[in-house]
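Input: a single structure, listed below in structure tokens.
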Amino acid sequence: MYKRILVTGGAGFIGSNFVRHVLGKFEDVYIVNLDLLTYAGSLENLRDLPNKENYHFIEGDILDQDLVQRTLREFEIDSLVHFAAESHVDRSILGPSAFVQTNILGTFSLLEAARKVWIEEKKLGDGDVRFHHISTDEVYGTLAPDDPAFEETTSYAPNSPYAASKASSDHLVRSYAHTYGMPTTLTNCTNNYGPYQFPEKLIPLMILNALNGKDLPIYGDGEQIRDWLYVEDHCEAIWQVLQKGCSGESYCVGGNNQPANLEIVDTLCEILDELKPSASGKNYASQKTFVTDRPGHDRRYAMKINKINQELGWEPKHNLKDGLLKTINWYLKQEEWIEAISKKKEYQSWMDENYTERTEEEK
Ligand code: NAD
Ligand code: TYD
């Protein structure tokens, strides 16, 4: 079992859930978390960790290759789980440069550090070490209504600068396995949701806007389809792949839930109407507003999860209703977390930049 893990981006949404999941499950696993604490990362996401004595935080950049090399040596790291990224499609449309830096060059920097320390210096190979890369279904592009769902053999066809930068990083990982014998695994997962998600993504944004009496901005006609995966299910899938997945392989991870965006927003509103009725006396759905669509907006994603299910026995445990209920209940109890995150000036400036220019559309 891999026991001394370097997690990158562990102060972000999925990374912090992964750190909590693994520390809570095993007493003999040590985690070093390397995170730059960009707008998306926060130590607030890590305040309730179990087994804190098995955890060490380093504030730093994955692009700092010397730091990564030193960390791999000093902590005798045997596995690297790479979450750190710029992760928001809308931001990649308004400013793609950071996505090229962090997602492409950052992944390259980690791969080079691992090649130097693991392969050149220590002559470690398959079974001794593992580089696990977290990627996305968005590398496969978009599906027409009757197209079959994505799977591991689907050709890459990224449409946004975010998806293109992730596709690039996936190709780099693949090439290091093929050329240098780097033991790698890769997971392409669908849209995650759950506790600690930064409120720029659809689900937390809608929950917070609803509670604050603000508009619920639906891009275009709201009929776009995503596959939604509860973050805890994703964390377990990563753990299974890290421990039992075949070196050199990639695995598709999805939630078996494919509602249209409008259905998601309506379900969130219904749950909130029950749990915390609006002071206005109106249903939350009355706050829905159709706004200018995202340029190049992918219409539909769906994922086949046969490979990870058949080879590793993993499947998602949460259906959409259960996952949304857990998520809303979590956000309803997090006044301090919400206050700390919403006060970030990058959050306010992002809300202005992304939404002010969008005009209200007739449906
Ligand atoms: P996030 O934006 O919430 O967190 C990213 C984290 O990376 C932050 O803590 C940030 O501080 C850190 N980071 C950014 N640049 C860094 C750098 N140069 N050095 C060190 N740390 C840096 O992201 P997330 O939603 O948790 O996504 C994690 C990974 O999963 C990403 O690789 C993303 O592409 C992938 N993914 C996410 C989703 C999703 O729905 N959220 C879906 C598919 C794949
Ligand atoms: P998002 O959470 O940004 O994830 P991704 O773009 O990676 O799928 O968006 C999910 C879907 O919700 C996507 O189709 C865009 C849509 N969306 C809105 O309609 N309004 C919003 O304010 C946001 C943030 C997203």
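A note on labels: chains of the structure tokens are A, B, ... as shown, every chain counts residues from 1, and ligands are counted from 1 in their shown order.
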Quiz item: Which residues sit within 6 Å of ligand 2, counting only C-alpha atoms and all ligand atoms, listed as a list of chain:residue names?
Solution: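 So, counting only C-alpha atoms and all ligand atoms, the residues near ligand 2 are A:His88, A:Val89, A:Glu200, A:Lys201, A:Leu202, A:Pro217, A:Ile218, A:Tyr219, A:Gly222, A:Gln224, A:Asn261.
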Self-check item: Test item: residues lying within 6 Å of ligand 1 with only C-alpha atoms and all ligand atoms, as a VMD selection string
Solution: chain A and resid 8 to 15 34 to 38 40 to 41 60 to 63 83 to 87 102 134 to 136 189 to 192
Quiz item: Closest to A:Gly245 among A:Glu138, A:Glu353, A:Glu311, A:Glu121, using only C-alpha atoms?
Solution: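 Using only C-alpha atoms, A:Gly245 sits closest to A:Glu311.
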Exercise. Please return as a ChimeraX atom specification: the residues of stretch 210-329 of chain A that backbone DSSP assigns to alpha helix (DSSP H).
Key: /A:210-211,231-244,261-275,306-312,320-329
Quiz item: For A:Glu53, which of A:Glu27, A:Glu336, A:Asp146, A:Glu270 is the closest residue, counting only C-alpha atoms?
Solution: A:Glu27
Quiz item: Looking at A:Lys3, A:Ser79, A:Ile203, A:Asn33, which one is nearest to A:Glu59, with distances taken over only C-alpha atoms?
Solution: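 Of A:Lys3, A:Ser79, A:Ile203, A:Asn33, the one nearest A:Glu59 is A:Asn33, counting only C-alpha atoms.
Using only C-alpha atoms for every distance, the candidate list A:Asp90, A:Asp322, A:Asp170, A:Asp293 yields A:Asp322 as the residue closest to A:Tyr193.
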Exercise. Name all residues at most 8 Å from A:Lys307 (count only C-alpha atoms; drop same-chain ones fewer than 4 positions away) and give them as a ChimeraX atom specification.
Key: /A:251-252,311-312
For the interface of stretch 182-283 of chain A with stretch 151-156 of chain A (cut-off 10 Å, counting only C-alpha atoms), please tabulate each contacting residue of stretch 182-283 of chain A alongside its nearest pair of atoms and their separation in Å to one decimal, rows sorted by chain and increasing number, as a Markdown table.
| residue | atom | partner | partner_atom | distance |
| --- | --- | --- | --- | --- |
| A:Thr187 | CA | A:Glu152 | CA | 9.4 |
| A:Asn188 | CA | A:Glu152 | CA | 8.4 |
| A:Glu249 | CA | A:Glu152 | CA | 9.1 |
| A:Ser250 | CA | A:Glu152 | CA | 6.7 |
| A:Tyr251 | CA | A:Glu152 | CA | 6.4 |
| A:Cys252 | CA | A:Glu152 | CA | 6.1 |
| A:Val253 | CA | A:Glu151 | CA | 9.3 |
Quiz item: So, counting only C-alpha atoms, which residue among A:Ile5, A:Val129, A:Leu229, A:Leu143 is closest to A:Ile31?
Solution: A:Ile5
Quiz item: Hey, can you check how far atom CA of A:Arg20 sits from atom CA of A:Leu6?
Solution: 13.8 Å
Quiz item: atom CA of A:Tyr55 and atom CA of A:Phe75 are how many Å apart?
Solution: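 Value for the atom CA of A:Tyr55-atom CA of A:Phe75 distance: 11.2 Å.
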Quiz item: Which residues, written as a list in words, have at least one atom at most 10 Å from A:Ile271, with only C-alpha atoms counted and residues fewer than 6 positions away on the same chain left out?
Solution: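 That gives Pro277, Tyr284, Lys321, Leu324, Leu325, Ile328 and Asn329 of chain A.
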